[in-house]
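> Let me begin by handing over the structure; questions about it come next.
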Amino acid sequence: MNQDKNNVLTEISKIIENATNIALFCHIRPDGDAIGSMLGLGWSLEEMGKKVQYVCPDELPVQGWLNPQTIGKNTRFVKAPEPYDCSILLDVSTLSRAGYFFEQPNIGQPDICIDHHVSNSGDAKINLIDPSAPATAIIVAHLIEELNFPMNKEIAEALLSGIIMDTQGFSTSNTNPDSLRVTAKLMEQGADLYWGIQNILKAHSLEAAKYWHCGLSKLETRGKILWTVLTDTDRERSGYTGRDDAGLIDYLASTEGFLATVLFNEQIDGRVKISWRSRPGVNVAAIAEEFGGGGHRQAAGADVSGPIGDVIERVLARTENGVQSAEQ
Ligand code: 5GP
Ligand code: MN
């Protein structure tokens with residue numbers, strides 16, 4: 001462990017030791033890693049006798065996350081916290097990704113941020129950022145081990161769910177030996193890998209399958225880019241209640257012969273959620289940042305205002321440019 005990381009862990013340990021009421025924050029439109037990291041750390045803190053608030057600024061996803069009730073926990077998520085004496089951001093790359101909360105006057109700087117986005121802007125007092133970790137849940141698992149915080153089957157299951165989601169079942173290009181070592185340790189604590197892969201990654205509703213059909217029926221190509229659109233009408237037709245893409249982008253990204261995949265997802269407020277996936281060599285995080293978003297080199301997103309036709313044109317033109325530079 002390098003000295004810097006050692007100091008950061010010592011600071012985190014001190015802050016947590018002195019806190020009694022800790023608010024954990026994940027990012028807007030949370031995914032399995034945001035929620036799994038929050039639950040894993042939160043349940044460990046609760047075992048230490050801390051009061052923990054689980055702040056999730058948006059609706060929870062329809063699928064692809066560990067619902068505490070499925071493992072017998074009655075953890076409650078809130079949209080905004082009651083007063084707290086310590087705040088921890090998880091999987092949050094920049095303050096605006098935590099929703100409006102930290103943008104209000106007199107809220108102050110968050111105490112701790114634990115994250116794996118390369119673009120993390122280090123907005124907390126203490127920042128534990130490791131861009132080489134394929135999931136924030138992996139950083140949390142290391143933190144729990146290194147600070148001797150409580151670990152049990154439920155905590156392990158929550159963290160494993162985050163790892164499974166962000167590595168797409170250990171299939172992303174950033175999956176490394178450490179991810180597998182951490183996973184092995186979580187399995188030794190009782191986390192069920194088979195259950196996680198089936199339920200976090202693969203399980204989907206009939207409505208989600210119909211929603212995928214809408215997106216699949218509109219597939220288009222532009223050079224080495226594969227792209228499609230999901231609209232409000234698609235949600236109505238299929239009966240899918242989520243605002244996300246039900247994981248369609250990750251299926252499309254495996255289509256042979258393409259270097260980048262883009263999905264445009266129409267939102268209620270006239271905005272468009274864009275998801276990019278790419279093959280190594282095409283850095284979609286850099287493209288997403290130009291549209292006010294961010295993410296990882298091979299998986300990134302942005303949320304821009306419509307009209308959707310203009311957004312599609314601008315985004316495809318820029319992505320084509322990125323793909324062409326990679327091909328040279
Ligand atoms: P997804 O396409 O699955 O929503 O997101 C892929 C990756 O991009 C995730 O790591 C997520 O954190 C990041 N991401 C998605 N949407 C946004 C966004 O609007 N802003 C930023 N900064 N990152 C995003
Ligand atoms: Mn993540």
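A note on labels: chains of the structure tokens are A, B, ... as shown, every chain counts residues from 1, and ligands are counted from 1 in their shown order.
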Can you tell me which residues sit at most 9 Å away from ligand 2, counting only C-alpha atoms and all ligand atoms, written as a list of chain:residue names?
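Protein and nucleic-acid residues within 9 Å of ligand 2: A:Asp31, A:Gly32, A:Asp33, A:Ala34, A:Ser37, A:Leu90, A:Asp91, A:Val92, A:Asp115, A:His116, A:His117, A:Pro134, A:Ala135, A:Thr136, A:Ala137, A:Gly162, A:Ile163, A:Met165, A:Asp166, A:Gly295.
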> Using the selection just defined, write its residues with N, CA and C atoms as a PDB file, in the first residue's frame.

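Output contents, as saved in result.pdb:
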```pdb
ATOM      1  N   ASP A  31     -26.835   2.707 -10.330  1.00  0.00           N
ATOM      2  CA  ASP A  31     -26.693   1.380 -10.923  1.00  0.00           C
ATOM      3  C   ASP A  31     -26.306   0.390  -9.825  1.00  0.00           C
ATOM      4  N   GLY A  32     -26.063  -0.850 -10.226  1.00  0.00           N
ATOM      5  CA  GLY A  32     -25.775  -1.907  -9.250  1.00  0.00           C
ATOM      6  C   GLY A  32     -24.546  -1.626  -8.407  1.00  0.00           C
ATOM      7  N   ASP A  33     -23.550  -0.951  -8.981  1.00  0.00           N
ATOM      8  CA  ASP A  33     -22.319  -0.667  -8.227  1.00  0.00           C
ATOM      9  C   ASP A  33     -22.565   0.443  -7.208  1.00  0.00           C
ATOM     10  N   ALA A  34     -23.304   1.470  -7.612  1.00  0.00           N
ATOM     11  CA  ALA A  34     -23.603   2.575  -6.687  1.00  0.00           C
ATOM     12  C   ALA A  34     -24.363   2.031  -5.464  1.00  0.00           C
ATOM     13  N   SER A  37     -22.262  -0.731  -3.394  1.00  0.00           N
ATOM     14  CA  SER A  37     -21.208  -0.114  -2.577  1.00  0.00           C
ATOM     15  C   SER A  37     -21.807   0.559  -1.350  1.00  0.00           C
ATOM     16  N   LEU A  90     -20.426   7.644  -2.716  1.00  0.00           N
ATOM     17  CA  LEU A  90     -19.976   6.373  -3.281  1.00  0.00           C
ATOM     18  C   LEU A  90     -20.273   6.300  -4.767  1.00  0.00           C
ATOM     19  N   ASP A  91     -19.241   6.041  -5.585  1.00  0.00           N
ATOM     20  CA  ASP A  91     -19.401   5.900  -7.040  1.00  0.00           C
ATOM     21  C   ASP A  91     -19.830   7.227  -7.679  1.00  0.00           C
ATOM     22  N   VAL A  92     -19.548   8.338  -6.988  1.00  0.00           N
ATOM     23  CA  VAL A  92     -19.974   9.669  -7.454  1.00  0.00           C
ATOM     24  C   VAL A  92     -18.749  10.398  -8.003  1.00  0.00           C
ATOM     25  N   ASP A 115     -14.469   6.264  -4.908  1.00  0.00           N
ATOM     26  CA  ASP A 115     -14.911   6.167  -6.306  1.00  0.00           C
ATOM     27  C   ASP A 115     -13.819   5.574  -7.190  1.00  0.00           C
ATOM     28  N   HIS A 116     -14.244   5.162  -8.393  1.00  0.00           N
ATOM     29  CA  HIS A 116     -13.285   4.579  -9.347  1.00  0.00           C
ATOM     30  C   HIS A 116     -13.322   5.264 -10.715  1.00  0.00           C
ATOM     31  N   HIS A 117     -13.970   6.423 -10.818  1.00  0.00           N
ATOM     32  CA  HIS A 117     -13.991   7.114 -12.116  1.00  0.00           C
ATOM     33  C   HIS A 117     -12.699   7.898 -12.317  1.00  0.00           C
ATOM     34  N   PRO A 134     -12.250  -1.869 -11.231  1.00  0.00           N
ATOM     35  CA  PRO A 134     -13.391  -1.935 -12.149  1.00  0.00           C
ATOM     36  C   PRO A 134     -14.731  -1.589 -11.486  1.00  0.00           C
ATOM     37  N   ALA A 135     -14.772  -1.542 -10.152  1.00  0.00           N
ATOM     38  CA  ALA A 135     -16.025  -1.186  -9.464  1.00  0.00           C
ATOM     39  C   ALA A 135     -15.690  -0.461  -8.165  1.00  0.00           C
ATOM     40  N   THR A 136     -16.541   0.469  -7.772  1.00  0.00           N
ATOM     41  CA  THR A 136     -16.354   1.124  -6.470  1.00  0.00           C
ATOM     42  C   THR A 136     -16.463   0.087  -5.347  1.00  0.00           C
ATOM     43  N   ALA A 137     -17.300  -0.931  -5.561  1.00  0.00           N
ATOM     44  CA  ALA A 137     -17.480  -1.970  -4.532  1.00  0.00           C
ATOM     45  C   ALA A 137     -16.156  -2.668  -4.192  1.00  0.00           C
ATOM     46  N   GLY A 162     -22.281  -5.276  -6.728  1.00  0.00           N
ATOM     47  CA  GLY A 162     -21.695  -4.109  -7.409  1.00  0.00           C
ATOM     48  C   GLY A 162     -20.611  -4.523  -8.389  1.00  0.00           C
ATOM     49  N   ILE A 163     -19.779  -5.486  -7.967  1.00  0.00           N
ATOM     50  CA  ILE A 163     -18.680  -5.945  -8.834  1.00  0.00           C
ATOM     51  C   ILE A 163     -19.259  -6.643 -10.071  1.00  0.00           C
ATOM     52  N   MET A 165     -22.089  -6.193 -11.498  1.00  0.00           N
ATOM     53  CA  MET A 165     -22.723  -5.240 -12.403  1.00  0.00           C
ATOM     54  C   MET A 165     -21.689  -4.449 -13.212  1.00  0.00           C
ATOM     55  N   ASP A 166     -20.702  -3.877 -12.515  1.00  0.00           N
ATOM     56  CA  ASP A 166     -19.766  -3.003 -13.237  1.00  0.00           C
ATOM     57  C   ASP A 166     -18.782  -3.785 -14.116  1.00  0.00           C
ATOM     58  N   GLY A 295     -17.563   9.028 -17.286  1.00  0.00           N
ATOM     59  CA  GLY A 295     -17.618   7.570 -17.124  1.00  0.00           C
ATOM     60  C   GLY A 295     -16.262   6.956 -17.280  1.00  0.00           C
TER      61      GLY A 295
END
```
> Which chain A residues have any atom within 8 Å of an atom of ligand 1, and for each, what is the nearest pair of atoms with distance in Å to one decimal, counting only C-alpha atoms and all ligand atoms, rows sorted by chain and number, as a Markdown table?

```
| residue | atom | partner | partner_atom_place_in_ligand_line | distance |
| --- | --- | --- | --- | --- |
| A:His27 | CA | ligand 1 | 12 (O) | 7.8 |
| A:Arg29 | CA | ligand 1 | 4 (O) | 7.6 |
| A:Asp31 | CA | ligand 1 | 3 (O) | 7.4 |
| A:Asp91 | CA | ligand 1 | 12 (O) | 7.2 |
| A:Val92 | CA | ligand 1 | 12 (O) | 7.4 |
| A:Ser93 | CA | ligand 1 | 22 (N) | 6.3 |
| A:Thr94 | CA | ligand 1 | 22 (N) | 6.8 |
| A:Arg97 | CA | ligand 1 | 22 (N) | 6.6 |
| A:His117 | CA | ligand 1 | 10 (O) | 7.1 |
| A:Ser119 | CA | ligand 1 | 22 (N) | 8.0 |
| A:Asp166 | CA | ligand 1 | 10 (O) | 7.7 |
| A:Asp244 | CA | ligand 1 | 4 (O) | 7.6 |
| A:Gly247 | CA | ligand 1 | 3 (O) | 7.6 |
| A:Ile249 | CA | ligand 1 | 2 (O) | 7.3 |
| A:Lys273 | CA | ligand 1 | 19 (O) | 7.1 |
| A:Ile274 | CA | ligand 1 | 2 (O) | 6.8 |
| A:Ser275 | CA | ligand 1 | 2 (O) | 3.8 |
| A:Trp276 | CA | ligand 1 | 2 (O) | 5.9 |
| A:Arg277 | CA | ligand 1 | 2 (O) | 7.4 |
| A:Ala285 | CA | ligand 1 | 8 (O) | 7.5 |
| A:Ala288 | CA | ligand 1 | 21 (C) | 7.6 |
| A:Glu289 | CA | ligand 1 | 22 (N) | 7.1 |
| A:Gly292 | CA | ligand 1 | 20 (N) | 6.7 |
| A:Gly293 | CA | ligand 1 | 20 (N) | 3.5 |
| A:Gly294 | CA | ligand 1 | 22 (N) | 3.5 |
| A:Gly295 | CA | ligand 1 | 8 (O) | 3.7 |
| A:His296 | CA | ligand 1 | 10 (O) | 5.8 |
| A:Ala299 | CA | ligand 1 | 6 (C) | 4.7 |
| A:Ala300 | CA | ligand 1 | 8 (O) | 3.3 |
| A:Gly301 | CA | ligand 1 | 15 (C) | 3.4 |
| A:Ala302 | CA | ligand 1 | 19 (O) | 3.6 |
| A:Asp303 | CA | ligand 1 | 19 (O) | 4.5 |
```
> Could you give me, as an MDAnalysis selection string, the residues within 9 Å of A:Glu266, counting only C-alpha atoms and dropping anything in the same chain fewer than 5 positions from it?
chainID A and resid 229:232 243 271:274 306 308
> Could you dump the residues just selected with C-alpha atoms as a CSV table (one decimal), in the first residue's frame?

```csv
chain,number,residue,atom,x,y,z
A,229,VAL,CA,-33.1,4.9,-29.7
A,230,LEU,CA,-35.6,4.2,-26.9
A,231,THR,CA,-38.6,6.6,-26.6
A,232,ASP,CA,-41.4,7.2,-24.2
A,243,ARG,CA,-36.3,5.3,-17.2
A,271,ARG,CA,-33.7,15.5,-22.1
A,272,VAL,CA,-31.9,12.6,-23.7
A,273,LYS,CA,-29.8,10.1,-21.7
A,274,ILE,CA,-26.9,8.8,-23.9
A,306,GLY,CA,-33.1,17.7,-26.8
A,308,ILE,CA,-33.6,14.2,-29.8
```
> From a DSSP pass on the backbone, collect the residues of stretch 44-129 of chain A flagged as strand (DSSP E) and hand them back as a list in words.
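Secondary structure check on stretch 44-129 of chain A, strand (DSSP E): Lys51, Val52, Gln53, Tyr54, Val55, Phe77, Val78, Cys86, Ser87, Ile88, Leu89, Leu90, Ile112, Cys113, Ile114, Asp115, Ile126, Asn127, Leu128 and Ile129 of chain A.
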> With only C-alpha atoms as the counted atoms, please give the residues lying no more than 12 Å from A:Phe149, apart from itself and same-chain residues fewer than 5 positions off, as a PDB file with N, CA and C atoms, in the first residue's frame.

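As written to disk, part.pdb reads:
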```pdb
ATOM      1  N   ILE A  12      -9.785   8.480   6.890  1.00  0.00           N
ATOM      2  CA  ILE A  12     -11.154   7.952   6.803  1.00  0.00           C
ATOM      3  C   ILE A  12     -11.510   7.239   8.106  1.00  0.00           C
ATOM      4  N   SER A  13     -10.571   6.452   8.609  1.00  0.00           N
ATOM      5  CA  SER A  13     -10.809   5.704   9.838  1.00  0.00           C
ATOM      6  C   SER A  13     -11.128   6.656  11.004  1.00  0.00           C
ATOM      7  N   ILE A  16     -14.649   8.335  10.566  1.00  0.00           N
ATOM      8  CA  ILE A  16     -15.745   7.389  10.836  1.00  0.00           C
ATOM      9  C   ILE A  16     -15.820   7.062  12.332  1.00  0.00           C
ATOM     10  N   GLU A  17     -14.660   6.913  12.948  1.00  0.00           N
ATOM     11  CA  GLU A  17     -14.638   6.604  14.381  1.00  0.00           C
ATOM     12  C   GLU A  17     -15.373   7.687  15.189  1.00  0.00           C
ATOM     13  N   GLY A  40     -23.095  -2.206   1.064  1.00  0.00           N
ATOM     14  CA  GLY A  40     -21.992  -2.944   1.685  1.00  0.00           C
ATOM     15  C   GLY A  40     -21.330  -2.115   2.785  1.00  0.00           C
ATOM     16  N   LEU A  41     -21.012  -0.853   2.463  1.00  0.00           N
ATOM     17  CA  LEU A  41     -20.369  -0.001   3.468  1.00  0.00           C
ATOM     18  C   LEU A  41     -21.351   0.321   4.595  1.00  0.00           C
ATOM     19  N   GLY A  42     -22.598   0.622   4.214  1.00  0.00           N
ATOM     20  CA  GLY A  42     -23.608   1.004   5.216  1.00  0.00           C
ATOM     21  C   GLY A  42     -23.865  -0.112   6.233  1.00  0.00           C
ATOM     22  N   TRP A  43     -24.019  -1.326   5.736  1.00  0.00           N
ATOM     23  CA  TRP A  43     -24.292  -2.444   6.660  1.00  0.00           C
ATOM     24  C   TRP A  43     -23.088  -2.705   7.575  1.00  0.00           C
ATOM     25  N   SER A  44     -21.879  -2.481   7.051  1.00  0.00           N
ATOM     26  CA  SER A  44     -20.691  -2.648   7.890  1.00  0.00           C
ATOM     27  C   SER A  44     -20.675  -1.574   8.983  1.00  0.00           C
ATOM     28  N   LEU A  45     -21.026  -0.326   8.602  1.00  0.00           N
ATOM     29  CA  LEU A  45     -21.059   0.768   9.592  1.00  0.00           C
ATOM     30  C   LEU A  45     -22.141   0.517  10.632  1.00  0.00           C
ATOM     31  N   GLU A  46     -23.283  -0.031  10.185  1.00  0.00           N
ATOM     32  CA  GLU A  46     -24.361  -0.335  11.144  1.00  0.00           C
ATOM     33  C   GLU A  46     -23.898  -1.386  12.150  1.00  0.00           C
ATOM     34  N   GLU A  47     -23.128  -2.369  11.673  1.00  0.00           N
ATOM     35  CA  GLU A  47     -22.584  -3.395  12.591  1.00  0.00           C
ATOM     36  C   GLU A  47     -21.685  -2.752  13.650  1.00  0.00           C
ATOM     37  N   MET A  48     -21.089  -1.587  13.297  1.00  0.00           N
ATOM     38  CA  MET A  48     -20.222  -0.877  14.250  1.00  0.00           C
ATOM     39  C   MET A  48     -21.035   0.006  15.189  1.00  0.00           C
ATOM     40  N   GLY A  49     -22.363  -0.015  15.039  1.00  0.00           N
ATOM     41  CA  GLY A  49     -23.231   0.774  15.919  1.00  0.00           C
ATOM     42  C   GLY A  49     -23.535   2.170  15.401  1.00  0.00           C
ATOM     43  N   LYS A  50     -23.155   2.469  14.148  1.00  0.00           N
ATOM     44  CA  LYS A  50     -23.434   3.798  13.603  1.00  0.00           C
ATOM     45  C   LYS A  50     -24.862   3.859  13.090  1.00  0.00           C
ATOM     46  N   VAL A 140     -14.392  -0.452  -1.748  1.00  0.00           N
ATOM     47  CA  VAL A 140     -15.047  -0.566  -0.436  1.00  0.00           C
ATOM     48  C   VAL A 140     -14.628  -1.880   0.250  1.00  0.00           C
ATOM     49  N   ALA A 141     -14.551  -2.960  -0.525  1.00  0.00           N
ATOM     50  CA  ALA A 141     -14.145  -4.257   0.055  1.00  0.00           C
ATOM     51  C   ALA A 141     -12.735  -4.153   0.632  1.00  0.00           C
ATOM     52  N   HIS A 142     -11.822  -3.492  -0.081  1.00  0.00           N
ATOM     53  CA  HIS A 142     -10.454  -3.299   0.439  1.00  0.00           C
ATOM     54  C   HIS A 142     -10.472  -2.447   1.699  1.00  0.00           C
ATOM     55  N   LEU A 143     -11.257  -1.377   1.673  1.00  0.00           N
ATOM     56  CA  LEU A 143     -11.321  -0.476   2.833  1.00  0.00           C
ATOM     57  C   LEU A 143     -11.803  -1.233   4.075  1.00  0.00           C
ATOM     58  N   ILE A 144     -12.857  -2.024   3.900  1.00  0.00           N
ATOM     59  CA  ILE A 144     -13.400  -2.787   5.036  1.00  0.00           C
ATOM     60  C   ILE A 144     -12.337  -3.735   5.593  1.00  0.00           C
ATOM     61  N   ILE A 155     -23.056  -8.203   3.737  1.00  0.00           N
ATOM     62  CA  ILE A 155     -22.150  -7.154   3.258  1.00  0.00           C
ATOM     63  C   ILE A 155     -21.415  -7.672   2.015  1.00  0.00           C
TER      64      ILE A 155
END
```
> To one decimal place in Å, what is the distance between atom CA of A:Lys153 and atom CA of A:Asp130?
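That distance, rounded to one decimal, is 24.8 Å.
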> Which residues are close to A:Thr319, i.e. within 10 Å by only C-alpha atoms, leaving aside same-chain residues fewer than 6 positions away? Reply as a PDB file with N, CA and C atoms, in the first residue's frame.

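This went into selection-v4.pdb:
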```pdb
ATOM      1  N   ARG A 222     -23.645   3.349 -38.487  1.00  0.00           N
ATOM      2  CA  ARG A 222     -22.961   4.431 -39.199  1.00  0.00           C
ATOM      3  C   ARG A 222     -21.478   4.086 -39.120  1.00  0.00           C
ATOM      4  N   LYS A 224     -18.468   2.208 -38.239  1.00  0.00           N
ATOM      5  CA  LYS A 224     -18.206   1.205 -37.197  1.00  0.00           C
ATOM      6  C   LYS A 224     -18.999   1.495 -35.917  1.00  0.00           C
ATOM      7  N   ILE A 225     -20.071   2.311 -36.062  1.00  0.00           N
ATOM      8  CA  ILE A 225     -20.907   2.623 -34.892  1.00  0.00           C
ATOM      9  C   ILE A 225     -22.262   1.932 -35.055  1.00  0.00           C
ATOM     10  N   ALA A 260     -17.877   1.093 -31.619  1.00  0.00           N
ATOM     11  CA  ALA A 260     -18.622   1.864 -30.605  1.00  0.00           C
ATOM     12  C   ALA A 260     -20.116   1.603 -30.761  1.00  0.00           C
ATOM     13  N   THR A 261     -20.817   1.645 -29.625  1.00  0.00           N
ATOM     14  CA  THR A 261     -22.264   1.465 -29.608  1.00  0.00           C
ATOM     15  C   THR A 261     -22.856   2.639 -28.845  1.00  0.00           C
ATOM     16  N   VAL A 262     -23.931   3.205 -29.370  1.00  0.00           N
ATOM     17  CA  VAL A 262     -24.549   4.359 -28.703  1.00  0.00           C
ATOM     18  C   VAL A 262     -26.044   4.108 -28.572  1.00  0.00           C
ATOM     19  N   TRP A 276     -22.770   5.196 -24.052  1.00  0.00           N
ATOM     20  CA  TRP A 276     -21.757   4.735 -25.025  1.00  0.00           C
ATOM     21  C   TRP A 276     -21.087   3.481 -24.480  1.00  0.00           C
ATOM     22  N   VAL A 282     -11.007   2.994 -28.352  1.00  0.00           N
ATOM     23  CA  VAL A 282     -11.916   4.145 -28.503  1.00  0.00           C
ATOM     24  C   VAL A 282     -12.307   4.592 -27.089  1.00  0.00           C
ATOM     25  N   ASN A 283     -11.898   5.815 -26.737  1.00  0.00           N
ATOM     26  CA  ASN A 283     -12.151   6.322 -25.378  1.00  0.00           C
ATOM     27  C   ASN A 283     -13.470   7.108 -25.352  1.00  0.00           C
ATOM     28  N   VAL A 284     -14.558   6.430 -24.954  1.00  0.00           N
ATOM     29  CA  VAL A 284     -15.853   7.118 -24.982  1.00  0.00           C
ATOM     30  C   VAL A 284     -16.050   8.061 -23.786  1.00  0.00           C
ATOM     31  N   ILE A 287     -15.378  11.435 -25.053  1.00  0.00           N
ATOM     32  CA  ILE A 287     -16.481  11.948 -25.872  1.00  0.00           C
ATOM     33  C   ILE A 287     -17.632  12.394 -24.963  1.00  0.00           C
ATOM     34  N   ALA A 288     -17.969  11.551 -23.985  1.00  0.00           N
ATOM     35  CA  ALA A 288     -19.075  11.866 -23.064  1.00  0.00           C
ATOM     36  C   ALA A 288     -18.808  13.181 -22.327  1.00  0.00           C
ATOM     37  N   GLU A 313     -27.665  13.546 -34.096  1.00  0.00           N
ATOM     38  CA  GLU A 313     -26.725  13.977 -35.131  1.00  0.00           C
ATOM     39  C   GLU A 313     -25.391  14.425 -34.537  1.00  0.00           C
ATOM     40  N   SER A 325     -10.375   8.304 -35.511  1.00  0.00           N
ATOM     41  CA  SER A 325      -9.012   8.554 -34.990  1.00  0.00           C
ATOM     42  C   SER A 325      -8.429   7.264 -34.433  1.00  0.00           C
TER      43      SER A 325
END
```
> When you count only C-alpha atoms, which of these residues is closest to A:Cys214: A:Met187, A:Ala253, A:Leu248, A:Val311?
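Once distances to A:Cys214 are computed over only C-alpha atoms, the minimum belongs to A:Leu248.
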> Need the shell around A:Lys5: protein/DNA/RNA residues with any atom at most 12 Å away, counting only C-alpha atoms. Skip same-chain ones fewer than 4 positions apart. Format as a ChimeraX atom specification?
/A:1,9-12,114,126-130,139,142-143,146
> Create the file for the chosen residues now, containing N, CA, C and O atoms and written as a short mmCIF file (atom, residue, chain, number, x, y, z; two decimals), in the first residue's frame.

```cif
data_model
loop_
_atom_site.label_atom_id
_atom_site.label_comp_id
_atom_site.auth_asym_id
_atom_site.auth_seq_id
_atom_site.Cartn_x
_atom_site.Cartn_y
_atom_site.Cartn_z
N MET A 1 0.86 -1.20 0.00
CA MET A 1 0.00 0.00 0.00
C MET A 1 0.89 1.25 0.00
O MET A 1 1.83 1.32 0.78
N LEU A 9 -6.52 6.35 4.20
CA LEU A 9 -7.26 5.37 5.01
C LEU A 9 -7.26 5.74 6.49
O LEU A 9 -8.26 5.60 7.18
N THR A 10 -6.12 6.25 6.97
CA THR A 10 -6.05 6.68 8.37
C THR A 10 -7.05 7.81 8.63
O THR A 10 -7.77 7.82 9.63
N GLU A 11 -7.09 8.77 7.69
CA GLU A 11 -8.04 9.89 7.82
C GLU A 11 -9.47 9.39 7.83
O GLU A 11 -10.30 9.82 8.65
N ILE A 12 -9.79 8.48 6.89
CA ILE A 12 -11.15 7.95 6.80
C ILE A 12 -11.51 7.24 8.11
O ILE A 12 -12.60 7.41 8.66
N ILE A 114 -15.56 7.92 -2.15
CA ILE A 114 -14.92 6.65 -2.54
C ILE A 114 -15.41 6.35 -3.95
O ILE A 114 -16.61 6.20 -4.18
N ILE A 126 -11.78 14.23 1.95
CA ILE A 126 -10.88 13.08 1.77
C ILE A 126 -11.38 12.29 0.57
O ILE A 126 -12.56 11.90 0.54
N ASN A 127 -10.48 12.02 -0.38
CA ASN A 127 -10.90 11.32 -1.60
C ASN A 127 -10.13 10.02 -1.75
O ASN A 127 -8.90 10.04 -1.86
N LEU A 128 -10.84 8.92 -1.74
CA LEU A 128 -10.23 7.61 -1.97
C LEU A 128 -10.65 7.17 -3.38
O LEU A 128 -11.73 6.63 -3.57
N ILE A 129 -9.79 7.47 -4.34
CA ILE A 129 -10.14 7.24 -5.75
C ILE A 129 -9.14 6.26 -6.35
O ILE A 129 -7.93 6.48 -6.25
N ASP A 130 -9.65 5.21 -6.97
CA ASP A 130 -8.77 4.24 -7.64
C ASP A 130 -9.34 3.90 -9.02
O ASP A 130 -10.16 3.00 -9.15
N ILE A 139 -13.19 -1.16 -4.12
CA ILE A 139 -12.46 -0.24 -3.22
C ILE A 139 -13.05 -0.34 -1.81
O ILE A 139 -12.33 -0.34 -0.82
N HIS A 142 -11.82 -3.49 -0.08
CA HIS A 142 -10.45 -3.30 0.44
C HIS A 142 -10.47 -2.45 1.70
O HIS A 142 -9.78 -2.74 2.67
N LEU A 143 -11.26 -1.38 1.67
CA LEU A 143 -11.32 -0.48 2.83
C LEU A 143 -11.80 -1.23 4.08
O LEU A 143 -11.22 -1.12 5.16
N GLU A 146 -8.96 -3.51 5.20
CA GLU A 146 -7.77 -2.83 5.72
C GLU A 146 -8.05 -2.09 7.03
O GLU A 146 -7.17 -1.96 7.87
#
```
> For atom CA of A:Gly196 and atom CA of A:Gln69, determine how far apart the two atoms are, in Å to one decimal place.
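Computed distance, atom CA of A:Gly196 to atom CA of A:Gln69, equals 14.6 Å.
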> Write out as a list of chain:residue names the set of residues from stretch 52-165 of chain A that DSSP, computed on the backbone, places in alpha helix (DSSP H).
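Answer for stretch 52-165 of chain A restricted to alpha helix (DSSP H) is A:Thr136, A:Ala137, A:Ile138, A:Ile139, A:Val140, A:Ala141, A:His142, A:Leu143, A:Ile144, A:Glu145, A:Glu146, A:Lys153, A:Glu154, A:Ile155, A:Ala156, A:Glu157, A:Ala158, A:Leu159, A:Leu160, A:Ser161, A:Gly162, A:Ile163, A:Ile164, A:Met165.
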> Pick the closest to A:Ile138 from A:Asp250, A:Asp178, A:Glu327, A:Glu236: which is it, counting only C-alpha atoms?
A:Asp178
> I'd like to know which of A:Pro83, A:Gly242, A:Asn7, A:Gly64 is closest to A:Ala23, using only C-alpha atoms.
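Closest to A:Ala23, using only C-alpha atoms: A:Pro83.
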> Please determine, counting only C-alpha atoms, which residue among A:Thr255, A:Gln267, A:Gln109, A:Ser132 has the shortest atom-to-atom distance to A:Ser173.
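Counting only C-alpha atoms, the residue closest to A:Ser173 is A:Ser132.
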> Which one is closest to A:Met151: A:Ile107, A:Leu39, A:Leu316, A:Leu259? Count only C-alpha atoms.
A:Leu39
> Counting only C-alpha atoms, which residue out of A:Ala184, A:Ile35, A:Ala156, A:Ala209 sits closest to A:Gly239?
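Of all the options, A:Ala209 lies closest to A:Gly239.
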